[in-house]
Structure formats: structure tokens, C-alpha cells
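Engineer: Got a structure for you, written out below as C-alpha cells; questions coming shortly.
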Amino acid sequence: MDKHAIPLYVANQYVRIVDDRKFNEADQILWPDFTQQGPGFSTESRAAFINSLEFLRQYSRTFHFLGSQFGEWTGDTYSGETYCIASHFYMKEEIERTTDMGIRYQDIIELRDGVGKYIKRDLKLVWTEDRPLGGQ
């Protein structure tokens with residue numbers, strides 16, 4: 001794969017893995033020394049990150065929509081940013097609701113032996129909204 005296609009490829013795999021709840025496939029796009037930080041949380045390894053994804057099971061489903069993505073390669077390291085809207089669906093008092101978040105991921109991807117995976121993907125929260133679905 002051309003290295004310029006890798007950032008979009010791994011971002012798409014990330015949302016597929018999360019939304020399909022195939023957390024065990026995250027090793028395909030994360031290096032073992034992967035880290036992530038965000039508001040109120042930090043993971044210091046791929047294993048810790050994968051374990052942290054279990055919190056998503058409290059939601060009936062999630063839906064991540066990718067937006068703008070930009071960055072650049074310096075040698076075998078990509079530094080960039082990926083915009084995302086993440087929706088988390090749940091029931092409260094018999095009404096389906098969603099918590100939506102505007103996210104700007106700060107991405108670092110490393111090529112190792114020709115394979116590109118995230119080494120770091122920090123989450124910068126821009127906004128959040130919790131509301132009932134269907135205009136209720």
C-alpha cells in the first residue's frame with residue numbers, strides 16, 4: 001500500500017473495529033506500544049487501550065463518521081489530524097438517546113517493516129451533546 005493511503009486506511013479500520021465491536025482486531029492497526037490520551041483518560045499500551053474499549057458495551061451501538069484528515073510524512077512517521085463525529089446510543093427512561101462528540105484525533109503513525117500502524121492517537125474533544133433521538 002502506498003504510504004500516503006495509510007492514514008485514511010487506518011482511520012477507517014479504527015472506526016470499523018470500534019463500531020462493529022471487533023476490539024480484538026485492533027492489533028492490526030495499533031503497535032504494541034500504542035498510547036492514547038483524552039479528557040479524563042490515558043492508556044499506555046495497545047493491550048490497555050483494547051481493554052478500555054469494553055466501556056463502549058454500555059451503549060447499544062456506536063457510529064463514527066470521519067471528516068477532514070490532513071497531515072504529512074517525515075521519513076517513516078506520519079503526523080496529522082482526523083476529524084470525527086462519534087455517536088453513542090443508549091436508552092434512558094424508555095427513550096432512545098445519543099451522546100454525540102466532535103473529536104479531533106491527533107494521529108501519529110509509524111511505518112515498521114513497511115507496515116503502517118498508529119503509535120499514538122490522542123483525542124481532543126471539541127464539543128459534546130446529549131439528546132433524545134427523533135426530535136423528542
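Numbering starts fresh at 1 for the residues of each chain in the C-alpha cells, the chains themselves are lettered A, B, ... in the order given, and ligands are numbered from 1 as they appear.
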Can you pull out every residue within 12 Å of Asp20 (chain A), counting only C-alpha atoms, but drop anything in the same chain fewer than 2 positions away, and send it as a list in words?
Structural biologist: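 The residues satisfying every condition are Asn12, Gln13, Tyr14, Val15, Arg16, Ile17, Val18, Lys22, Phe23, Asn24, Glu25, Ala26, Leu53, Leu56, Arg57, Ser60, Arg61, Thr62, Phe63 and His64 of chain A.
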Engineer: Excluding Asp122 (chain A) and its own-chain neighbours fewer than 2 positions away, which residues fall within 7 Å of it when counting only C-alpha atoms? Please give them as a list of chain:residue names.
Structural biologist: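 Counting only C-alpha atoms, the residues come to A:Gln36, A:Gln37, A:Gly38, A:Tyr105, A:Gln106, A:Asp107, A:Lys120, A:Lys124.
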Engineer: Nearest to Tyr78 (chain A) among A:Met101, A:Tyr118, A:Pro39, A:Asp130, with distances taken over only C-alpha atoms: which residue is it?
Structural biologist: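 Using only C-alpha atoms, Tyr78 (chain A) sits closest to A:Tyr118.
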Engineer: Within 12 Å of Val10 (chain A), counting only C-alpha atoms, which residues qualify if same-chain residues fewer than 5 places away don't, as a list in words?
Structural biologist: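 Once the nearby chain positions are removed, what remains is Met1, Lys3, His4, Ala5, Val15, Arg16, Ile17, Glu25, Ala26, Asp27, Gln28, Ile29, Leu30, Trp31, Leu66, Gln69, Tyr78, Thr82, Asp107, Ile108, Ile109, Glu110, Val115, Gly116, Lys117, Tyr118, Ile119 and Arg121 of chain A.
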Engineer: Mind dumping the selected residues with N, CA, C and O atoms as a tab-separated table (two decimals), in the first residue's frame?
Structural biologist:
```
chain	number	residue	atom	x	y	z
A	1	MET	N	0.85	-1.17	0.00
A	1	MET	CA	0.00	0.00	0.00
A	1	MET	C	0.90	1.24	0.00
A	1	MET	O	1.87	1.31	0.75
A	3	LYS	N	2.22	4.63	1.07
A	3	LYS	CA	2.17	5.16	2.43
A	3	LYS	C	1.23	6.36	2.56
A	3	LYS	O	0.72	6.62	3.64
A	4	HIS	N	0.96	7.07	1.49
A	4	HIS	CA	0.05	8.21	1.56
A	4	HIS	C	-1.41	7.78	1.73
A	4	HIS	O	-2.24	8.58	2.16
A	5	ALA	N	-1.71	6.51	1.44
A	5	ALA	CA	-3.06	5.97	1.64
A	5	ALA	C	-3.25	5.42	3.05
A	5	ALA	O	-4.38	5.18	3.48
A	15	VAL	N	-12.55	3.04	13.04
A	15	VAL	CA	-13.99	3.21	13.29
A	15	VAL	C	-14.75	1.91	13.04
A	15	VAL	O	-15.71	1.61	13.74
A	16	ARG	N	-14.32	1.10	12.06
A	16	ARG	CA	-14.97	-0.18	11.81
A	16	ARG	C	-14.80	-1.10	13.03
A	16	ARG	O	-15.77	-1.71	13.50
A	17	ILE	N	-13.59	-1.18	13.54
A	17	ILE	CA	-13.30	-2.04	14.69
A	17	ILE	C	-14.13	-1.62	15.90
A	17	ILE	O	-14.71	-2.45	16.59
A	25	GLU	N	-9.43	-7.06	16.88
A	25	GLU	CA	-8.76	-6.79	15.62
A	25	GLU	C	-7.91	-5.52	15.67
A	25	GLU	O	-7.24	-5.17	14.70
A	26	ALA	N	-7.93	-4.82	16.79
A	26	ALA	CA	-7.20	-3.56	16.90
A	26	ALA	C	-5.70	-3.75	16.74
A	26	ALA	O	-5.00	-2.82	16.34
A	27	ASP	N	-5.20	-4.94	17.00
A	27	ASP	CA	-3.76	-5.17	16.83
A	27	ASP	C	-3.34	-5.00	15.38
A	27	ASP	O	-2.16	-4.79	15.10
A	28	GLN	N	-4.28	-5.04	14.44
A	28	GLN	CA	-3.96	-4.86	13.02
A	28	GLN	C	-3.60	-3.41	12.69
A	28	GLN	O	-2.98	-3.15	11.66
A	29	ILE	N	-4.01	-2.46	13.54
A	29	ILE	CA	-3.76	-1.04	13.24
A	29	ILE	C	-3.04	-0.30	14.36
A	29	ILE	O	-2.80	0.90	14.23
A	30	LEU	N	-2.72	-0.99	15.45
A	30	LEU	CA	-2.04	-0.36	16.59
A	30	LEU	C	-0.76	-1.11	16.91
A	30	LEU	O	-0.78	-2.34	17.04
A	31	TRP	N	0.32	-0.38	17.08
A	31	TRP	CA	1.56	-1.02	17.54
A	31	TRP	C	1.43	-1.36	19.03
A	31	TRP	O	0.65	-0.72	19.74
A	66	LEU	N	-16.19	9.85	9.85
A	66	LEU	CA	-14.94	10.55	9.61
A	66	LEU	C	-15.15	11.78	8.74
A	66	LEU	O	-15.93	11.75	7.80
A	69	GLN	N	-9.21	15.10	7.07
A	69	GLN	CA	-7.98	14.46	7.53
A	69	GLN	C	-6.82	15.11	6.79
A	69	GLN	O	-6.88	15.30	5.57
A	78	TYR	N	4.22	9.55	10.28
A	78	TYR	CA	3.15	10.45	9.85
A	78	TYR	C	2.62	11.17	11.08
A	78	TYR	O	2.33	10.55	12.11
A	82	THR	N	-7.30	13.88	12.35
A	82	THR	CA	-8.50	13.33	11.75
A	82	THR	C	-9.70	13.83	12.54
A	82	THR	O	-9.76	13.67	13.75
A	107	ASP	N	-3.05	12.26	15.34
A	107	ASP	CA	-2.54	10.95	14.91
A	107	ASP	C	-1.04	10.94	14.69
A	107	ASP	O	-0.50	11.85	14.06
A	108	ILE	N	-0.42	9.88	15.16
A	108	ILE	CA	0.96	9.58	14.78
A	108	ILE	C	0.99	8.11	14.35
A	108	ILE	O	0.56	7.23	15.10
A	109	ILE	N	1.45	7.91	13.13
A	109	ILE	CA	1.54	6.57	12.54
A	109	ILE	C	3.00	6.31	12.24
A	109	ILE	O	3.71	7.19	11.75
A	110	GLU	N	3.44	5.10	12.53
A	110	GLU	CA	4.81	4.71	12.20
A	110	GLU	C	4.79	3.56	11.22
A	110	GLU	O	3.96	2.65	11.34
A	115	VAL	N	4.91	-1.65	7.23
A	115	VAL	CA	3.54	-1.69	7.74
A	115	VAL	C	3.29	-0.43	8.55
A	115	VAL	O	4.09	-0.07	9.43
A	116	GLY	N	2.16	0.24	8.27
A	116	GLY	CA	1.82	1.46	8.99
A	116	GLY	C	0.72	1.22	10.01
A	116	GLY	O	-0.33	0.67	9.68
A	117	LYS	N	1.00	1.61	11.26
A	117	LYS	CA	0.02	1.49	12.34
A	117	LYS	C	0.16	2.70	13.25
A	117	LYS	O	1.19	3.36	13.30
A	118	TYR	N	-0.92	2.95	14.01
A	118	TYR	CA	-0.87	4.03	15.00
A	118	TYR	C	0.13	3.68	16.10
A	118	TYR	O	0.13	2.57	16.63
A	119	ILE	N	0.92	4.68	16.46
A	119	ILE	CA	1.75	4.60	17.66
A	119	ILE	C	1.15	5.49	18.75
A	119	ILE	O	1.31	5.25	19.93
A	121	ARG	N	-2.57	8.15	19.28
A	121	ARG	CA	-3.79	8.76	18.74
A	121	ARG	C	-4.52	9.46	19.87
A	121	ARG	O	-5.43	8.91	20.48
```
Engineer: Suppose you want the space between CA of Gly71 (chain A) and CA of Thr99 (chain A); what is it in Å?
Structural biologist: 28.2 Å
Engineer: Which residue is closest to Met91 (chain A)? Choose from A:Trp73, A:Tyr59, A:Phe34, A:Phe65 and count only C-alpha atoms.
Structural biologist: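 Looking only at the distances to Met91 (chain A), the closest residue turns out to be A:Tyr59.
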